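Have a look at input-v4.cif below; it lists mmCIF, C-alpha atoms and all ligand atoms.
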data_query
loop_
_atom_site.label_atom_id
_atom_site.label_comp_id
_atom_site.auth_asym_id
_atom_site.auth_seq_id
_atom_site.Cartn_x
_atom_site.Cartn_y
_atom_site.Cartn_z
CA MET A 1 86.31 113.20 120.71
CA ARG A 2 86.66 109.47 121.06
CA PHE A 3 86.32 106.48 118.79
CA ILE A 4 86.57 102.70 118.99
CA HIS A 5 89.26 100.57 117.39
CA LEU A 6 87.94 97.02 116.90
CA THR A 7 89.69 94.37 114.84
CA ASP A 8 89.88 90.90 113.34
CA MET A 9 86.30 89.73 113.71
CA HIS A 10 86.71 86.79 111.27
CA ILE A 11 82.95 86.54 110.62
CA THR A 12 81.87 83.25 109.00
CA ALA A 13 78.85 82.23 106.91
CA ASN A 14 76.01 80.78 109.01
CA ASP A 15 78.16 81.56 112.03
CA GLN A 16 80.31 78.49 111.45
CA PRO A 17 82.38 78.18 114.66
CA LEU A 18 86.06 79.04 114.53
CA TYR A 19 88.51 77.62 117.06
CA GLY A 20 85.60 76.72 119.34
CA LEU A 21 84.01 80.17 119.30
CA SER A 22 81.08 81.89 117.57
CA PRO A 23 82.39 84.83 115.52
CA ARG A 24 78.95 86.40 115.30
CA SER A 25 78.29 86.23 119.06
CA ARG A 26 81.65 87.82 119.75
CA LEU A 27 80.94 90.73 117.44
CA GLU A 28 77.42 91.07 118.83
CA ALA A 29 78.86 91.31 122.35
CA ALA A 30 81.26 94.05 121.26
CA ILE A 31 78.44 95.95 119.56
CA ALA A 32 76.16 95.66 122.61
CA CYS A 33 78.94 97.02 124.82
CA ILE A 34 79.69 99.92 122.47
CA ASN A 35 75.99 100.81 122.17
CA GLN A 36 75.56 100.78 125.93
CA ASP A 37 78.81 102.10 127.38
CA PHE A 38 80.37 104.06 124.52
CA ALA A 39 77.31 105.63 122.96
CA ASP A 40 79.09 108.96 122.43
CA VAL A 41 81.88 107.68 120.16
CA ALA A 42 82.31 109.46 116.84
CA PHE A 43 82.85 106.19 115.00
CA VAL A 44 83.99 102.57 115.19
CA MET A 45 86.98 101.60 113.05
CA MET A 46 87.43 97.93 112.15
CA THR A 47 90.91 97.17 110.92
CA GLY A 48 90.51 94.11 108.77
CA ASP A 49 90.05 90.38 108.77
CA LEU A 50 86.45 91.49 108.84
CA VAL A 51 85.50 87.99 107.70
CA ASN A 52 87.36 84.69 107.63
CA ARG A 53 87.41 83.55 104.00
CA GLY A 54 86.49 86.64 102.01
CA THR A 55 83.24 85.33 100.53
CA VAL A 56 80.04 87.18 99.63
CA ALA A 57 78.07 85.07 102.14
CA GLU A 58 80.43 86.10 104.91
CA TYR A 59 80.17 89.80 104.05
CA GLU A 60 76.40 89.51 103.99
CA ALA A 61 76.56 87.99 107.48
CA LEU A 62 78.81 90.84 108.61
CA ARG A 63 76.47 93.43 107.15
CA ALA A 64 73.50 91.89 108.97
CA THR A 65 75.33 91.93 112.30
CA LEU A 66 76.57 95.51 111.88
CA LYS A 67 72.98 96.74 111.54
CA ASP A 68 72.76 96.79 115.34
CA LEU A 69 75.75 99.09 115.76
CA GLN A 70 74.44 102.59 116.48
CA ALA A 71 77.67 104.53 115.88
CA PRO A 72 78.97 105.17 112.35
CA HIS A 73 81.51 102.55 111.34
CA TYR A 74 84.40 102.28 108.90
CA LEU A 75 85.91 99.13 107.43
CA LEU A 76 89.22 98.14 105.85
CA LEU A 77 90.62 94.92 104.42
CA GLY A 78 92.97 92.31 105.93
CA ASN A 79 94.56 89.17 104.53
CA HIS A 80 91.45 87.06 105.28
CA ASP A 81 89.30 89.48 103.28
CA GLY A 82 88.43 89.34 99.58
CA ARG A 83 88.37 92.66 97.78
CA ASP A 84 85.85 91.76 95.06
CA ALA A 85 83.37 90.10 97.44
CA PHE A 86 83.73 92.99 99.90
CA ARG A 87 83.04 95.57 97.21
CA GLN A 88 80.02 93.63 96.03
CA VAL A 89 78.37 93.66 99.46
CA PHE A 90 79.72 96.97 100.77
CA ALA A 91 79.41 98.95 97.54
CA GLU A 92 79.08 102.24 99.46
CA VAL A 93 82.61 102.03 100.89
CA PRO A 94 84.85 104.28 98.80
CA VAL A 95 87.72 102.93 96.71
CA ASP A 96 90.62 104.76 95.11
CA GLU A 97 91.09 105.18 91.34
CA ASN A 98 92.71 101.73 91.13
CA GLY A 99 89.97 99.90 93.03
CA PHE A 100 91.83 99.59 96.34
CA VAL A 101 89.68 100.11 99.41
CA GLN A 102 91.35 103.34 100.47
CA TYR A 103 89.66 106.53 101.62
CA ALA A 104 89.89 109.30 104.16
CA PHE A 105 87.40 111.12 106.34
CA THR A 106 87.35 114.07 108.68
CA VAL A 107 85.93 114.28 112.19
CA GLU A 108 86.12 117.66 113.86
CA ASP A 109 89.51 118.94 112.70
CA LYS A 110 91.17 115.53 112.38
CA ARG A 111 91.86 113.55 109.24
CA PHE A 112 91.59 109.76 109.33
CA ILE A 113 93.26 107.88 106.47
CA VAL A 114 92.35 104.26 105.69
CA MET A 115 94.62 102.07 103.54
CA ASP A 116 94.35 98.69 101.84
CA THR A 117 97.31 96.37 102.56
CA LEU A 118 95.63 93.22 101.21
CA ASN A 119 97.90 91.19 98.91
CA GLU A 120 95.38 88.58 97.68
CA GLY A 121 96.49 85.02 98.36
CA GLU A 122 99.25 86.10 100.75
CA VAL A 123 99.28 86.35 104.54
CA GLY A 124 101.71 89.26 104.49
CA GLY A 125 100.65 92.76 103.53
CA LEU A 126 101.64 94.98 100.65
CA LEU A 127 101.63 98.69 99.96
CA CYS A 128 102.43 98.92 96.26
CA GLU A 129 103.42 102.06 94.39
CA GLN A 130 99.83 102.75 93.35
CA ARG A 131 98.60 102.65 96.92
CA LEU A 132 101.48 104.75 98.20
CA ASN A 133 100.90 107.31 95.44
CA TRP A 134 97.33 107.64 96.62
CA LEU A 135 98.62 108.23 100.15
CA ALA A 136 101.03 110.89 98.88
CA GLY A 137 98.06 112.79 97.46
CA GLU A 138 96.17 112.51 100.74
CA LEU A 139 99.15 113.75 102.76
CA GLU A 140 99.68 116.61 100.36
CA ALA A 141 96.06 117.68 100.74
CA LEU A 142 96.36 118.01 104.53
CA SER A 143 96.22 121.58 105.64
CA GLY A 144 97.86 121.41 109.03
CA GLN A 145 95.32 118.96 110.45
CA ASP A 146 96.41 116.11 112.70
CA ALA A 147 96.24 112.91 110.64
CA PHE A 148 95.88 109.28 111.71
CA LEU A 149 96.39 106.10 109.70
CA PHE A 150 94.56 102.77 109.78
CA ILE A 151 95.88 99.61 108.11
CA HIS A 152 95.50 95.88 108.75
CA HIS A 153 99.08 94.64 108.77
CA PRO A 154 101.67 95.68 111.33
CA PRO A 155 104.06 98.07 109.54
CA LEU A 156 107.18 96.30 110.79
CA ARG A 157 107.14 93.51 108.23
CA LEU A 158 104.97 95.14 105.61
CA GLU A 159 106.17 95.12 102.01
CA GLY A 160 106.35 98.80 101.17
CA GLY A 161 106.75 99.62 104.86
CA GLU A 162 110.05 101.43 104.44
CA ALA A 163 108.55 103.79 101.89
CA LEU A 164 105.54 104.25 104.14
CA ALA A 165 107.77 105.20 107.09
CA GLU A 166 109.49 107.86 105.03
CA MET A 167 106.16 109.30 103.97
CA ILE A 168 104.43 109.41 107.33
CA GLY A 169 107.36 109.99 109.71
CA GLY A 170 108.32 113.31 111.23
CA GLY A 171 104.90 113.79 112.79
CA ARG A 172 102.96 113.71 109.50
CA ILE A 173 100.89 110.85 110.94
CA LYS A 174 100.26 111.15 114.68
CA HIS A 175 99.33 107.51 115.29
CA LEU A 176 99.10 104.32 113.25
CA PHE A 177 96.42 101.78 114.21
CA PHE A 178 96.54 98.22 112.88
CA GLY A 179 95.17 94.69 113.39
CA HIS A 180 96.41 91.26 112.27
CA VAL A 181 98.44 90.29 115.36
CA HIS A 182 95.43 89.39 117.53
CA ARG A 183 97.22 90.94 120.48
CA PRO A 184 97.28 94.30 122.21
CA LEU A 185 100.55 95.81 121.05
CA HIS A 186 101.69 99.35 121.74
CA GLY A 187 104.93 101.11 120.96
CA SER A 188 106.57 102.99 118.15
CA TRP A 189 107.91 102.17 114.73
CA ARG A 190 110.50 104.48 113.18
CA GLY A 191 109.38 107.04 115.74
CA ILE A 192 105.72 106.72 114.77
CA PRO A 193 103.35 105.70 117.61
CA ILE A 194 101.58 102.42 116.78
CA SER A 195 98.99 100.19 118.43
CA SER A 196 96.82 97.16 117.85
CA GLN A 197 94.22 95.21 119.84
CA HIS A 198 93.06 91.68 120.49
CA SER A 199 90.81 90.03 117.93
CA THR A 200 87.15 89.83 118.90
CA LEU A 201 87.70 86.06 118.57
CA HIS A 202 90.82 83.87 119.00
CA GLN A 203 94.14 85.36 120.12
CA PHE A 204 97.78 84.64 119.33
CA VAL A 205 99.96 83.44 122.19
CA TYR A 206 103.05 85.60 122.55
CA THR A 207 105.70 82.95 123.04
CA PHE A 208 109.23 82.19 121.93
CA GLY A 209 110.77 78.89 120.99
CA SER A 210 107.63 77.01 119.92
CA SER A 211 107.38 75.54 116.44
CA ILE A 212 103.58 75.68 116.70
CA MET A 213 101.73 78.92 116.10
CA GLN A 214 99.67 78.87 119.26
CA GLY A 215 96.22 80.33 119.69
CA CYS A 216 94.24 80.87 122.88
CA HIS A 217 90.97 82.23 124.23
CA GLU A 218 92.44 85.14 126.18
CA PRO A 219 89.53 87.59 126.59
CA PRO A 220 89.20 90.12 123.77
CA THR A 221 89.58 93.88 123.94
CA PHE A 222 88.66 96.78 121.76
CA ALA A 223 90.28 100.17 122.25
CA ALA A 224 88.43 103.27 123.34
CA VAL A 225 90.62 106.00 121.86
CA ASN A 226 90.38 109.44 123.45
CA MET A 227 91.67 112.44 121.54
CA VAL A 228 91.95 115.54 123.67
CA ASN A 229 94.16 118.60 123.14
CA GLY A 230 96.32 116.86 120.56
CA ASN A 231 96.88 113.80 122.75
CA VAL A 232 95.99 110.21 121.86
CA VAL A 233 95.02 108.03 124.83
CA ILE A 234 94.23 104.38 124.19
CA ASN A 235 92.15 102.44 126.69
CA PRO A 236 91.88 98.72 125.91
CA HIS A 237 88.46 97.60 127.11
CA SER A 238 87.92 93.95 128.04
CA TYR A 239 84.29 93.86 126.99
CA LEU A 240 83.59 90.27 128.04
CA ASP A 241 84.92 90.79 131.54
CA ASP A 242 82.21 89.91 134.05
CA SER A 243 84.32 89.98 137.21
CA PRO A 244 82.78 91.76 140.21
CA ARG A 245 82.96 95.57 140.45
CA PHE A 246 83.71 97.07 143.86
CA ASN A 247 84.26 100.40 145.53
CA LEU A 248 88.02 100.99 145.78
CA ARG A 249 87.48 103.18 148.86
CA SER A 250 85.37 100.61 150.70
CA LYS A 251 87.24 99.16 153.71
CA ALA A 252 85.13 95.98 153.52
CA ALA A 253 86.18 95.56 149.90
CA MET A 254 89.84 96.07 150.80
CA ARG A 255 89.67 93.43 153.51
CA ALA A 256 87.76 90.87 151.44
CA ALA A 257 89.62 87.55 151.50
CA SER A 258 88.02 86.30 148.29
CA PRO A 259 85.96 87.74 145.43
CA GLU A 260 82.84 86.26 147.05
CA GLU A 261 83.36 88.45 150.13
CA LEU A 262 83.38 91.69 148.15
CA PRO A 263 80.43 93.88 149.14
CA PRO A 264 78.15 94.85 146.26
CA LEU A 265 78.97 98.13 144.59
CA GLU A 266 75.83 99.91 145.88
FE FE A 301 93.07 88.09 111.91
#
Could you express the structure from this file as structure tokens?
Ligand SMILES: [Fe+2]
Amino acid sequence: MRFIHLTDMHITANDQPLYGLSPRSRLEAAIACINQDFADVAFVMMTGDLVNRGTVAEYEALRATLKDLQAPHYLLLGNHDGRDAFRQVFAEVPVDENGFVQYAFTVEDKRFIVMDTLNEGEVGGLLCEQRLNWLAGELEALSGQDAFLFIHHPPLRLEGGEALAEMIGGGRIKHLFFGHVHRPLHGSWRGIPISSQHSTLHQFVYTFGSSIMQGCHEPPTFAAVNMVNGNVVINPHSYLDDSPRFNLRSKAAMRAASPEELPPLE
């Protein structure tokens, strides 16, 4: 089974450009690639900052663009999202008993848990007692299935993160997927495997010693996540890459002195 992890699309109303880019075109390009090259995925998970300002108009624009995506998709909220506006436009997305956009679903024998870390008006994320109590119930209901967690904020600086680590550590959650950082980031947190991907739009520059929070147009990726025999394999896919493809076993390709000299693939 495989699925796609896509994040931080920052869709705007009327496709208002953001940092020199068209949010809608970027999402359309990702969708076209998924439809064509990843048609067998079980689902596409989008880990927040679905839109840029959390307005109804933006969610309507998102909804219109997502119509072209052939695979089932799941959504969660980031700090740029607005819970009320989201719920108005995406009324079919489940919420928990307190109105947080939290739900879980099963594919094959795996359980996928989606949490809401939005702390309205704040950049940083929050998992309050209510949200963690909901998670406790979900974890309790697992019957030996492998479980995976999706949130927007990286768990490292998440308010409520310590409590979360205690709840999901020890193998209770096999992998935690998140967004927010607009960078591919892979590693572990408190022994829990974690990963994130580029935004579909602008990226953060990973740099030290600058007082400016720098952005850039490094090409975006989404992750094709393969789950086979209990393993989780994450392949970041640079879906805007249009560099030439060549046969690795072709001697002419090996000897090419420039990309222009590469023989065509066929
Ligand atoms: Fe973002």
If you take only C-alpha atoms and a cut-off of 7 Å, which residues of stretch 21-113 of chain A touch stretch 138-146 of chain A, and what are their nearest atom pairs and distances in Å to one decimal, in chain and number order, as JSON lines?
{"residue": "A:Asp109", "atom": "CA", "partner": "A:Gln145", "partner_atom": "CA", "distance": 6.2}
{"residue": "A:Lys110", "atom": "CA", "partner": "A:Asp146", "partner_atom": "CA", "distance": 5.3}
{"residue": "A:Arg111", "atom": "CA", "partner": "A:Asp146", "partner_atom": "CA", "distance": 6.3}
With C-alpha atoms retained, export the selected residues as a compact mmCIF listing (two decimals), in the frame of the given file.
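Now in again_27.txt:
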# COMPACT_ATOMS: atom_id res chain seq x y z
CA ASP A 109 89.51 118.94 112.70
CA LYS A 110 91.17 115.53 112.38
CA ARG A 111 91.86 113.55 109.24
Which is closer to A:His217 than all the others in A:Arg63, A:Arg131, A:His198, A:His175, using only C-alpha atoms?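 For A:His217, the nearest of the given residues is A:His198.
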Which polymer residues, protein or nucleic acid, are no farther than 12 Å from (78.6, 91.5, 108.2), counting only C-alpha atoms, as number ranges by chain? A: 9-15, 23-24, 27-28, 46, 49-52, 54-69, 73, 75, 81, 85-86, 89-90
Between atom CA of A:Pro220 and atom CA of A:Ser199, what is the distance in Å, rounded to a tenth?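 If I compute the distance from atom CA of A:Pro220 to atom CA of A:Ser199, I get 6.1 Å.
For the residues A:Gln203, A:Thr106, A:Gln214, A:Gln16, ranking by smallest atom-to-atom distance to ligand FE 301 (chain A) using all atoms listed in the file places A:Gln203 first.
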Exercise: stretch 147-155 of chain A partners within 7 Å, all atoms listed in the file, chain neighbours under 6 positions left out, as a list of chain:residue names: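 Answer for this query is A:Thr47, A:Gly48, A:Leu77, A:Gly78, A:Lys110, A:Arg111, A:Phe112, A:Ile113, A:Val114, A:Met115, A:Asp116, A:Thr117, A:Gly125, A:Gly161, A:Arg172, A:Ile173, A:Lys174, A:His175, A:Leu176, A:Phe177, A:Phe178, A:Gly179, A:His180.
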Counting only C-alpha atoms, which residues sit no farther than 8 Å from the position (89.2, 106.5, 101.1) in the file's frame? I'd like them as a list in words.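 Output of the proximity query reads Val93, Pro94, Val95, Asp96, Val101, Gln102, Tyr103, Ala104, Phe105, Ile113, Val114 and Met115 of chain A.
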Computed interatomic separation between atom CA of A:Tyr74 and atom CA of A:Ile34 (Å):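 Going from atom CA of A:Tyr74 over to atom CA of A:Ile34 covers 14.6 Å.
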So how many Å separate atom CA of A:Leu158 and atom CA of A:Leu126, to one decimal? 6.0 Å
Counting only C-alpha atoms, which of A:Asn247, A:Asn119, A:Thr7, A:Gln130 gets nearest to A:Ala223?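 Result for the nearest residue to A:Ala223: A:Thr7.
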Check the smallest atom-to-atom distance from each of A:Met213, A:Ala30, A:Leu18, A:Ala224 to A:Arg53 using all atoms listed in the file, then report the winner. A:Leu18
Selected residue of minimal separation from ligand FE 301 (chain A) among A:Ala42, A:Leu201, A:Ile31, A:Leu135, counting all atoms listed in the file: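 So, comparing all the options, the nearest one is A:Leu201.
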